[in-house]
Amino acid sequence: MNNVLIAGTIATDTIETPFGKVDRALGGSATYAAYAASFYTEPSIISIVGEDFSTDFWKTLEDRNINLEGVKKEGKTFHWEGSYEFDMNEAKTLKTELNSLATFKPELPEAYKKAEYLFLANLDPEIQLSIVNQLEKPKLVITDTMNFWIESNKEHVLEVIKKTNIMLLNDGEARQLFDTTSLVKAAKQTLALGPQAVIIKKGEHGALLFTKSHHFNAPGYPLEEIKDPTGCGDTFGGTLIGYLAKTNDHSQENLRKAIMYASTLASFNAEDFSLNKLKSITEKDIEKRYQEFIEIRNF
Ligand code: AMP
């Protein structure tokens, strides 16, 4: 059943951090999100890759029971180059080659249109809008974006937020989007556009959840070694949609649990480049770290 749909990029990434470098590794917002969601459900991806996309990368996703029927093959694969300095919370984009994404007009396969759970991972906001508009009856739409799209197409980013139930922003994006230094003001302005919740991610320092009536402050995991934070936001969003779809419980209490699982998987992802760490962890590892999170908060 195609109940969880993930829209985003499938990319090759060239990344340099103070702890190493990878060249044209598997990346992209949909890749990380679907991989994380596959711990809880069997997600489908809507995206595009180029003719140059490696069969090994394709297999990495298929082996996790990720449905790729909606992934078109055309032209050249989206390519991103980024670097991080000692403050690993913010990536510096060195190059964004949209390639086949530039002309991508998504058409959902019939089976995808019935999906109840949609994660609009970081992607061109006009493509995000076209995808949400093709769904018959979505029950929960979670959306993410990035400074690149806020700078180039803020108007459409705001339009997507109006169609969203849970909006994800990192702290820098929240300030940039609403031109304010206050995260509380940015959260309020996001909620005023329609979402029931907004989650402001603060990298290794955790995440803040705001709804009209509640506020929750999720701690960060004290990771000793962060090798590469690329994909942590996407891993966070993918876990969130996967967990909420699996449990089919959108209550405030369950949303908090979902955030803690999302933080757990995102913290694992930062421990190695590309999908290397996510590939190596088991459900037992996830549960152990989730329990540690509960301990951290206990006083
Ligand atoms: P994150 O670190 O979670 O914000 O996402 C990192 C992933 O986003 C990388 O694997 C990139 O390939 C992908 N990415 C970078 N720039 C963009 C963009 N402008 N739109 C969509 N995806 C992007």
# chains A, B, ... in the order shown; residues from 1 in each chain; ligands from 1

$ residues_near_ligand --ligand "ligand 1" --cutoff "7 Å" --atoms "only C-alpha atoms and all ligand atoms" --output "tab-separated table (two decimals) with N, CA and C atoms, in the first residue's frame"
chain	number	residue	atom	x	y	z
A	8	GLY	N	10.91	14.80	-2.85
A	8	GLY	CA	12.15	15.51	-2.54
A	8	GLY	C	13.17	15.22	-3.61
A	9	THR	N	14.41	15.57	-3.31
A	9	THR	CA	15.47	15.33	-4.29
A	9	THR	C	16.16	14.01	-4.04
A	10	ILE	N	16.62	13.41	-5.14
A	10	ILE	CA	17.57	12.29	-5.05
A	10	ILE	C	18.82	12.84	-5.72
A	11	ALA	N	19.91	12.81	-4.99
A	11	ALA	CA	21.07	13.59	-5.45
A	11	ALA	C	22.37	12.80	-5.35
A	12	THR	N	23.38	13.37	-6.02
A	12	THR	CA	24.73	12.98	-5.67
A	12	THR	C	25.31	14.19	-4.92
A	13	ASP	N	25.96	13.93	-3.82
A	13	ASP	CA	26.50	14.99	-2.96
A	13	ASP	C	28.02	14.92	-2.89
A	27	GLY	N	22.81	11.05	-1.94
A	27	GLY	CA	22.20	12.02	-1.03
A	27	GLY	C	20.87	12.48	-1.58
A	28	GLY	N	20.43	13.63	-1.11
A	28	GLY	CA	19.14	14.17	-1.56
A	28	GLY	C	18.13	14.07	-0.43
A	29	SER	N	17.23	15.06	-0.42
A	29	SER	CA	16.27	15.12	0.70
A	29	SER	C	15.33	13.91	0.72
A	79	HIS	N	22.73	17.62	-8.38
A	79	HIS	CA	24.02	17.50	-7.69
A	79	HIS	C	24.22	18.68	-6.75
A	80	TRP	N	24.62	18.34	-5.53
A	80	TRP	CA	24.84	19.40	-4.53
A	80	TRP	C	26.24	19.28	-3.96
A	96	THR	N	24.92	24.19	-6.48
A	96	THR	CA	23.65	23.47	-6.64
A	96	THR	C	23.41	23.32	-8.13
A	122	ASN	N	12.60	18.90	1.37
A	122	ASN	CA	13.18	20.06	0.72
A	122	ASN	C	13.22	19.92	-0.81
A	123	LEU	N	12.54	20.83	-1.48
A	123	LEU	CA	12.36	20.73	-2.93
A	123	LEU	C	11.82	22.08	-3.42
A	124	ASP	N	11.89	22.31	-4.72
A	124	ASP	CA	11.31	23.51	-5.31
A	124	ASP	C	9.84	23.65	-4.83
A	146	MET	N	14.26	25.08	2.57
A	146	MET	CA	15.68	25.42	2.74
A	146	MET	C	15.93	26.86	2.33
A	148	PHE	N	17.83	28.14	0.26
A	148	PHE	CA	17.91	28.28	-1.20
A	148	PHE	C	16.54	28.67	-1.80
A	149	TRP	N	15.47	28.02	-1.34
A	149	TRP	CA	14.12	28.27	-1.88
A	149	TRP	C	13.50	29.51	-1.25
A	229	PRO	N	26.69	16.33	9.18
A	229	PRO	CA	25.26	16.50	9.49
A	229	PRO	C	24.35	16.52	8.27
A	230	THR	N	24.90	16.35	7.06
A	230	THR	CA	24.05	16.39	5.85
A	230	THR	C	22.92	15.36	5.96
A	231	GLY	N	21.73	15.81	5.70
A	231	GLY	CA	20.59	14.88	5.69
A	231	GLY	C	19.92	14.71	7.04
A	232	CYS	N	20.45	15.40	8.07
A	232	CYS	CA	19.82	15.23	9.40
A	232	CYS	C	18.39	15.78	9.39
A	233	GLY	N	18.17	16.90	8.73
A	233	GLY	CA	16.82	17.47	8.67
A	233	GLY	C	15.86	16.54	7.93
A	234	ASP	N	16.36	15.95	6.86
A	234	ASP	CA	15.52	15.04	6.06
A	234	ASP	C	15.25	13.75	6.82
A	235	THR	N	16.28	13.28	7.53
A	235	THR	CA	16.12	12.08	8.35
A	235	THR	C	15.08	12.35	9.44

$ residues_around --residues "Gly75 in chain A" --least-positions-apart "2" --cutoff "12 Å" --atoms "only C-alpha atoms" --output "PyMOL selection string"
chain A and resi 48-53+72-73+77-78+98-104

$ closest_residue --among "A:Asp228, A:Asp179, A:Ile294, A:Leu68" --to "Pro18 in chain A" --atoms "only C-alpha atoms"
A:Asp228

$ atom_distance --atom1 "CA of Glu81 in chain A" --atom2 "CA of Leu26 in chain A"
12.0 Å

$ closest_atom_pairs --of "range 222-280 of chain A" --to "range 31-47 of chain A" --cutoff "10 Å" --atoms "only C-alpha atoms" --output "CSV"
residue,atom,partner,partner_atom,distance
A:Thr230,CA,A:Tyr32,CA,9.2
A:Gly231,CA,A:Tyr32,CA,5.8
A:Cys232,CA,A:Tyr32,CA,7.9
A:Gly233,CA,A:Ala33,CA,8.4
A:Asp234,CA,A:Ala33,CA,4.8
A:Thr235,CA,A:Ala33,CA,4.8
A:Phe236,CA,A:Ala33,CA,7.3
A:Gly237,CA,A:Ala33,CA,6.2
A:Gly238,CA,A:Ala33,CA,3.9
A:Thr239,CA,A:Ala37,CA,4.8
A:Leu240,CA,A:Ala37,CA,7.6
A:Ile241,CA,A:Ala37,CA,6.8
A:Gly242,CA,A:Ala37,CA,4.5
A:Tyr243,CA,A:Tyr40,CA,5.9
A:Leu244,CA,A:Tyr40,CA,9.0
A:Ala245,CA,A:Thr41,CA,7.6
A:Lys246,CA,A:Tyr40,CA,6.2
A:Thr247,CA,A:Tyr40,CA,9.2
A:Ala262,CA,A:Ala36,CA,8.6
A:Leu265,CA,A:Ala36,CA,7.2
A:Ala266,CA,A:Ala36,CA,8.7
A:Asn269,CA,A:Tyr32,CA,9.0
A:Ser274,CA,A:Tyr32,CA,8.6
A:Leu275,CA,A:Tyr32,CA,7.2
A:Leu278,CA,A:Ala36,CA,7.5
A:Lys279,CA,A:Tyr35,CA,8.7

$ select_by_dssp --residues "range 32-113 of chain A" --states "strand (DSSP E or B)" --output "PyMOL selection string"
chain A and resi 44-49+67-73+78-83+92-97

$ atom_distance --atom1 "CA of Thr282 in chain A" --atom2 "CA of Thr60 in chain A"
16.1 Å

$ select_by_dssp --residues "range 88-258 of chain A" --states "helix (DSSP H, G or I)" --output "PyMOL selection string"
chain A and resi 99-103+110-114+125-134+147-162+171-178+183-192+203-205+232-247+252-258
